Amino acid sequence: MNDNLHQLRCIGCGTRIAGAEAQPDFRCVLCGELFEVEYPGWEQRQGSDRPNAGALKWLWRERRSSSETLDRSGVWRFRELLPILDSFGDAVTLFEGNTPLYHLPRAAKALGIDQLYAKHQGMNPSGSFKDTGMTSALSVAKERGFEWVACASTGNTSAAMAAYAARAGLKCLVLIPDGKIAWGKLSQAMDYGAVTCQLKTDFDGCLTLLTEIVKQAPIYLLNSVNPYRLEGQKTPAFEIAEAFDWNVPDHLIVPGGNLGNSSALGKGFRELVELGLVARMPKISVIQAEGANPLARSFIANDGTSIEPMDAHTRATAIRIGNPASWRKAAKVIHDSGGWCLDVTEAEISVAKAEIGREGLGCEPASAVTLAGLKKLRAKGVVGSSETVVLLLTGHTLKDADYTIDFHRGTLLKPEEAIGLEKQIEGLRRNAVAVDATIDAVLATLKGKVG
Ligand code: F0G
């Protein structure tokens, strides 16, 4: 079976190449920009390769009750919209995707919005949204005969890559910034058998180095510069549209690090519009941490037309990135969809994370920028009370337990960082208390908390 119907288009100069012609660093040899996967068959309106909207909606829903391996994946369930493999039989899956969409009643009430939801991508097999992109790109690596795959990572990409490489029987190399990733994520790479190098540099330094390494050795690069990653990562857009019965929400809010994910989700919604599955795109807003905010700065300085790399610092280590590779794609998504790009402080992130915890969901710090960002957008008056808003929670709360414990112990923030939010923080903190092992002592503690 030949399912492969795609080509790659450079987002800079528009050059088109066959998938197999891509350079090891996935940069255009003519202009240095990144590529995007496109499907020429979709353009011929009556063409036999153009998917039929009504038939697809029915087929994808049917597959939810199928026990076939590919149908059980929330990525490959939508395989008609990502025909990137010569044979779908080569797909490496851990049954990723099909993640829950939760209502957030408390946050909705506090913000005066009726329809506020969280799409929890932390409920994927390795605990982050990276699984949806790893199943697609690592399957391409396997099909093309690579023995080694590699990524630079702030932790989640490496955890996902290591898991999928182990499933596929491929060897994998992980480059991480020394001391700047959460233990949960590092432990996953070890558990799944990756070769992990902790480098005395930041994420941007790791990626720069790896870009040179893959030019010298037959290693397949699995960072989100690889356009096949974005094909898998666009599928949550399909799940969201399906969950709203193909009426898209008004607004989707996404954290921004290397900016692959916002690019992918924008591509997903754009394709749904092009194929007639939905009528419009949601507004897509990207939120960054204040200390790692090159795109937010760029939107203030020049409306997102150029970017100034920076030395990045944030406790939300997943998005500690100063020179995001996919900034141009993400800026286009924000412009095309009518969304915003802004940043939030460390204290705002910590409060939002604790509030998401109180909804019974929890998430890792980088995911919480979405709720913190929504509060700012509400305060600016650009999100109305009748709008339907979806926050994309990217990682599971157990990824970074140290952060959570530090918050509840009161040791996370410096006092000057918390100014103005002290009351909220105190109200949310639930430190564990040392209590005598007696009934009276435990009940007395309860009284103190309830009364
Ligand atoms: N949220 C989490 C939990 C992440 O791990 C990342 C990125 C992002 C948001 C930002 O997504 O980079 O597509 O804009 N983590 C990467 C990694 C960089 O190596 O795990 P992005």
# chains A, B, ... in the order shown; residues from 1 in each chain; ligands from 1
call {"tool": "select_by_dssp", "arguments": {"residues": "region 110-328 of chain A", "states": "strand (DSSP E)", "output": "NGL selection string"}}
result
:A and (115-120 or 148-152 or 171-177 or 195-199 or 219-221 or 251-255 or 283-289)
call {"tool": "closest_atom_pairs", "arguments": {"of": "chain A", "to": "ligand 1", "cutoff": "6 Å", "atoms": "only C-alpha atoms and all ligand atoms", "output": "JSON lines"}}
result
{"residue": "A:Ser153", "atom": "CA", "partner": "ligand 1", "partner_atom_place_in_ligand_line": "19 (O)", "distance": 3.2}
{"residue": "A:Thr154", "atom": "CA", "partner": "ligand 1", "partner_atom_place_in_ligand_line": "19 (O)", "distance": 3.8}
{"residue": "A:Gly155", "atom": "CA", "partner": "ligand 1", "partner_atom_place_in_ligand_line": "20 (O)", "distance": 4.5}
{"residue": "A:Asn156", "atom": "CA", "partner": "ligand 1", "partner_atom_place_in_ligand_line": "20 (O)", "distance": 3.5}
{"residue": "A:Thr157", "atom": "CA", "partner": "ligand 1", "partner_atom_place_in_ligand_line": "20 (O)", "distance": 3.8}
{"residue": "A:Pro255", "atom": "CA", "partner": "ligand 1", "partner_atom_place_in_ligand_line": "9 (C)", "distance": 5.1}
{"residue": "A:Gly256", "atom": "CA", "partner": "ligand 1", "partner_atom_place_in_ligand_line": "14 (O)", "distance": 3.9}
{"residue": "A:Gly257", "atom": "CA", "partner": "ligand 1", "partner_atom_place_in_ligand_line": "14 (O)", "distance": 3.5}
{"residue": "A:Asn258", "atom": "CA", "partner": "ligand 1", "partner_atom_place_in_ligand_line": "12 (O)", "distance": 3.4}
{"residue": "A:Leu259", "atom": "CA", "partner": "ligand 1", "partner_atom_place_in_ligand_line": "14 (O)", "distance": 3.2}
{"residue": "A:Gly260", "atom": "CA", "partner": "ligand 1", "partner_atom_place_in_ligand_line": "13 (O)", "distance": 3.7}
{"residue": "A:Asn261", "atom": "CA", "partner": "ligand 1", "partner_atom_place_in_ligand_line": "13 (O)", "distance": 3.6}
{"residue": "A:Ala318", "atom": "CA", "partner": "ligand 1", "partner_atom_place_in_ligand_line": "5 (O)", "distance": 4.3}
{"residue": "A:Ile319", "atom": "CA", "partner": "ligand 1", "partner_atom_place_in_ligand_line": "8 (C)", "distance": 5.3}
{"residue": "A:Ala366", "atom": "CA", "partner": "ligand 1", "partner_atom_place_in_ligand_line": "1 (N)", "distance": 4.9}
{"residue": "A:Ser367", "atom": "CA", "partner": "ligand 1", "partner_atom_place_in_ligand_line": "1 (N)", "distance": 5.3}
{"residue": "A:Thr394", "atom": "CA", "partner": "ligand 1", "partner_atom_place_in_ligand_line": "3 (C)", "distance": 4.6}
{"residue": "A:Gly395", "atom": "CA", "partner": "ligand 1", "partner_atom_place_in_ligand_line": "3 (C)", "distance": 4.2}
call {"tool": "write_last_selection", "arguments": {"atoms": "C-alpha atoms", "output": "compact mmCIF listing (two decimals), in the first residue's frame"}}
result
# COMPACT_ATOMS: atom_id res chain seq x y z
CA SER A 153 14.96 18.87 24.90
CA THR A 154 13.75 20.67 27.99
CA GLY A 155 12.49 17.23 29.04
CA ASN A 156 9.17 16.28 27.48
CA THR A 157 10.36 15.77 23.92
CA PRO A 255 1.91 27.88 25.82
CA GLY A 256 4.86 29.00 23.69
CA GLY A 257 8.40 27.60 23.91
CA ASN A 258 10.08 26.49 20.71
CA LEU A 259 6.72 27.37 19.10
CA GLY A 260 6.15 24.12 17.22
CA ASN A 261 2.91 23.30 18.99
CA ALA A 318 9.71 23.22 29.68
CA ILE A 319 9.46 26.63 27.97
CA ALA A 366 4.47 25.51 31.48
CA SER A 367 0.85 24.51 30.85
CA THR A 394 0.55 20.43 27.60
CA GLY A 395 2.01 18.36 30.45
call {"tool": "closest_residue", "arguments": {"among": "A:Leu221, A:Pro40, A:Val92, A:Leu101", "to": "Phe26 (chain A)", "atoms": "only C-alpha atoms"}}
result
A:Leu221
call {"tool": "residues_around", "arguments": {"residues": "Ser350 (chain A)", "least_positions_apart": "5", "cutoff": "12 Å", "atoms": "only C-alpha atoms", "output": "PyMOL selection string"}}
result
chain A and resi 289+314-316+344-345+355-357+362-372+403-408+410-413+417-418+421-422+424-426+428-429
call {"tool": "closest_residue", "arguments": {"among": "A:Gly420, A:Gly322, A:Gly89, A:Pro236", "to": "Leu391 (chain A)", "atoms": "only C-alpha atoms"}}
result
A:Pro236
call {"tool": "residues_around", "arguments": {"residues": "Ala53 (chain A)", "least_positions_apart": "4", "cutoff": "8 Å", "atoms": "only C-alpha atoms", "output": "list in words"}}
result
Lys57, Leu275, Gly276 and Leu277 of chain A
call {"tool": "closest_residue", "arguments": {"among": "A:Val214, A:Leu295, A:Val254, A:Ala441", "to": "His120 (chain A)", "atoms": "only C-alpha atoms"}}
result
A:Val254
call {"tool": "residues_around", "arguments": {"residues": "Arg27 (chain A)", "least_positions_apart": "5", "cutoff": "10 Å", "atoms": "only C-alpha atoms", "output": "number ranges by chain"}}
result
A: 10, 22, 32-35, 211, 225-226
call {"tool": "closest_residue", "arguments": {"among": "A:Lys376, A:Arg77, A:Lys332, A:Lys109", "to": "Thr305 (chain A)", "atoms": "only C-alpha atoms"}}
result
A:Lys332
call {"tool": "closest_residue", "arguments": {"among": "A:Asn431, A:Asp440, A:Asn323, A:Gln115", "to": "Cys206 (chain A)", "atoms": "only C-alpha atoms"}}
result
A:Asn323
call {"tool": "select_by_dssp", "arguments": {"residues": "region 168-249 of chain A", "states": "alpha helix (DSSP H)", "output": "VMD selection string"}}
result
chain A and resid 168 183 to 191 203 to 216 227 to 233 235 to 243
call {"tool": "atom_distance", "arguments": {"atom1": "CA of Trp42 (chain A)", "atom2": "CA of Val140 (chain A)"}}
result
21.2 Å
call {"tool": "closest_residue", "arguments": {"among": "A:Tyr220, A:Tyr164, A:Trp76, A:Phe203", "to": "Ala292 (chain A)", "atoms": "only C-alpha atoms"}}
result
A:Phe203
call {"tool": "residues_around", "arguments": {"residues": "Gly338 (chain A)", "least_positions_apart": "4", "cutoff": "10 Å", "atoms": "only C-alpha atoms", "output": "PDB file with C-alpha atoms, in the first residue's frame"}}
result
ATOM      1  CA  HIS A 251     -10.435  30.929  21.331  1.00  0.00           C
ATOM      2  CA  MET A 281     -10.458  28.966  12.747  1.00  0.00           C
ATOM      3  CA  PRO A 282     -10.544  29.771  16.460  1.00  0.00           C
ATOM      4  CA  LYS A 283      -8.421  32.693  17.585  1.00  0.00           C
ATOM      5  CA  ILE A 284      -5.125  31.131  18.672  1.00  0.00           C
ATOM      6  CA  SER A 285      -3.146  32.960  21.363  1.00  0.00           C
ATOM      7  CA  LYS A 332       1.591  33.523  11.128  1.00  0.00           C
ATOM      8  CA  VAL A 333      -0.907  31.419  13.080  1.00  0.00           C
ATOM      9  CA  ILE A 334      -1.488  34.277  15.550  1.00  0.00           C
TER      10      ILE A 334
END
call {"tool": "atom_distance", "arguments": {"atom1": "CA of Ile84 (chain A)", "atom2": "CA of Glu271 (chain A)"}}
result
15.1 Å
call {"tool": "residues_around", "arguments": {"residues": "Gly133 (chain A)", "least_positions_apart": "2", "cutoff": "8 Å", "atoms": "only C-alpha atoms", "output": "number ranges by chain"}}
result
A: 129-131, 135-137, 228-233
call {"tool": "write_last_selection", "arguments": {"atoms": "C-alpha atoms", "output": "mmCIF file, in the first residue's frame"}}
result
data_model
loop_
_atom_site.group_PDB
_atom_site.id
_atom_site.type_symbol
_atom_site.label_atom_id
_atom_site.label_comp_id
_atom_site.auth_asym_id
_atom_site.auth_seq_id
_atom_site.Cartn_x
_atom_site.Cartn_y
_atom_site.Cartn_z
ATOM 1 C CA PHE A 129 1.515 16.587 24.104
ATOM 2 C CA LYS A 130 4.821 15.520 22.525
ATOM 3 C CA ASP A 131 3.495 11.987 22.038
ATOM 4 C CA THR A 135 4.209 8.915 16.817
ATOM 5 C CA SER A 136 4.188 10.655 13.426
ATOM 6 C CA ALA A 137 7.843 11.715 13.093
ATOM 7 C CA TYR A 228 6.478 15.450 10.482
ATOM 8 C CA ARG A 229 6.307 16.242 14.216
ATOM 9 C CA LEU A 230 3.784 18.970 13.482
ATOM 10 C CA GLU A 231 1.602 16.602 11.463
ATOM 11 C CA GLY A 232 0.888 14.536 14.582
ATOM 12 C CA GLN A 233 0.666 17.610 16.785
#
call {"tool": "decode", "arguments": {"residues": "region 319-346 of chain A", "atoms": "N, CA and C atoms", "output": "compact mmCIF listing (two decimals), in the first residue's frame"}}
result
# COMPACT_ATOMS: atom_id res chain seq x y z
N ILE A 319 9.52 25.55 28.98
CA ILE A 319 9.46 26.63 27.97
C ILE A 319 10.60 27.63 28.18
N ARG A 320 11.68 27.14 28.78
CA ARG A 320 12.85 28.00 28.97
C ARG A 320 13.65 28.02 27.66
N ILE A 321 13.19 28.80 26.71
CA ILE A 321 13.74 28.80 25.35
C ILE A 321 13.85 30.25 24.87
N GLY A 322 15.05 30.63 24.45
CA GLY A 322 15.28 32.03 24.07
C GLY A 322 15.34 32.27 22.57
N ASN A 323 15.46 31.18 21.80
CA ASN A 323 15.61 31.35 20.35
C ASN A 323 14.71 30.34 19.63
N PRO A 324 13.40 30.54 19.71
CA PRO A 324 12.46 29.51 19.21
C PRO A 324 12.55 29.28 17.71
N ALA A 325 12.69 28.00 17.33
CA ALA A 325 12.91 27.65 15.92
C ALA A 325 11.70 27.98 15.05
N SER A 326 10.50 27.75 15.58
CA SER A 326 9.31 27.86 14.71
C SER A 326 8.58 29.19 14.89
N TRP A 327 9.30 30.25 15.29
CA TRP A 327 8.62 31.51 15.61
C TRP A 327 7.85 32.06 14.42
N ARG A 328 8.41 31.88 13.21
CA ARG A 328 7.75 32.46 12.02
C ARG A 328 6.40 31.78 11.76
N LYS A 329 6.39 30.44 11.92
CA LYS A 329 5.13 29.71 11.72
C LYS A 329 4.10 30.14 12.76
N ALA A 330 4.57 30.26 14.03
CA ALA A 330 3.64 30.62 15.11
C ALA A 330 3.09 32.04 14.92
N ALA A 331 3.96 32.95 14.52
CA ALA A 331 3.51 34.34 14.32
C ALA A 331 2.43 34.38 13.23
N LYS A 332 2.60 33.56 12.21
CA LYS A 332 1.59 33.52 11.13
C LYS A 332 0.25 32.99 11.66
N VAL A 333 0.33 31.98 12.51
CA VAL A 333 -0.91 31.42 13.08
C VAL A 333 -1.64 32.49 13.90
N ILE A 334 -0.87 33.23 14.72
CA ILE A 334 -1.49 34.28 15.55
C ILE A 334 -2.14 35.34 14.65
N HIS A 335 -1.41 35.76 13.61
CA HIS A 335 -1.94 36.77 12.69
C HIS A 335 -3.17 36.25 11.95
N ASP A 336 -3.05 35.05 11.35
CA ASP A 336 -4.15 34.52 10.53
C ASP A 336 -5.41 34.29 11.35
N SER A 337 -5.23 33.91 12.63
CA SER A 337 -6.40 33.55 13.43
C SER A 337 -6.95 34.73 14.22
N GLY A 338 -6.20 35.83 14.30
CA GLY A 338 -6.64 36.99 15.07
C GLY A 338 -6.41 36.84 16.57
N GLY A 339 -5.40 36.02 16.94
CA GLY A 339 -5.08 35.83 18.36
C GLY A 339 -4.06 36.83 18.85
N TRP A 340 -3.55 36.58 20.08
CA TRP A 340 -2.60 37.49 20.70
C TRP A 340 -1.37 36.72 21.18
N CYS A 341 -0.30 37.44 21.44
CA CYS A 341 0.86 36.83 22.07
C CYS A 341 1.26 37.70 23.25
N LEU A 342 1.31 37.11 24.44
CA LEU A 342 1.75 37.90 25.59
C LEU A 342 2.47 37.02 26.59
N ASP A 343 3.00 37.68 27.63
CA ASP A 343 3.76 36.93 28.62
C ASP A 343 3.15 37.08 30.01
N VAL A 344 3.53 36.17 30.91
CA VAL A 344 3.01 36.19 32.28
C VAL A 344 4.18 35.98 33.25
N THR A 345 4.00 36.46 34.49
CA THR A 345 5.10 36.42 35.45
C THR A 345 5.20 35.05 36.12
N GLU A 346 6.29 34.85 36.83
CA GLU A 346 6.49 33.59 37.57
C GLU A 346 5.38 33.40 38.61
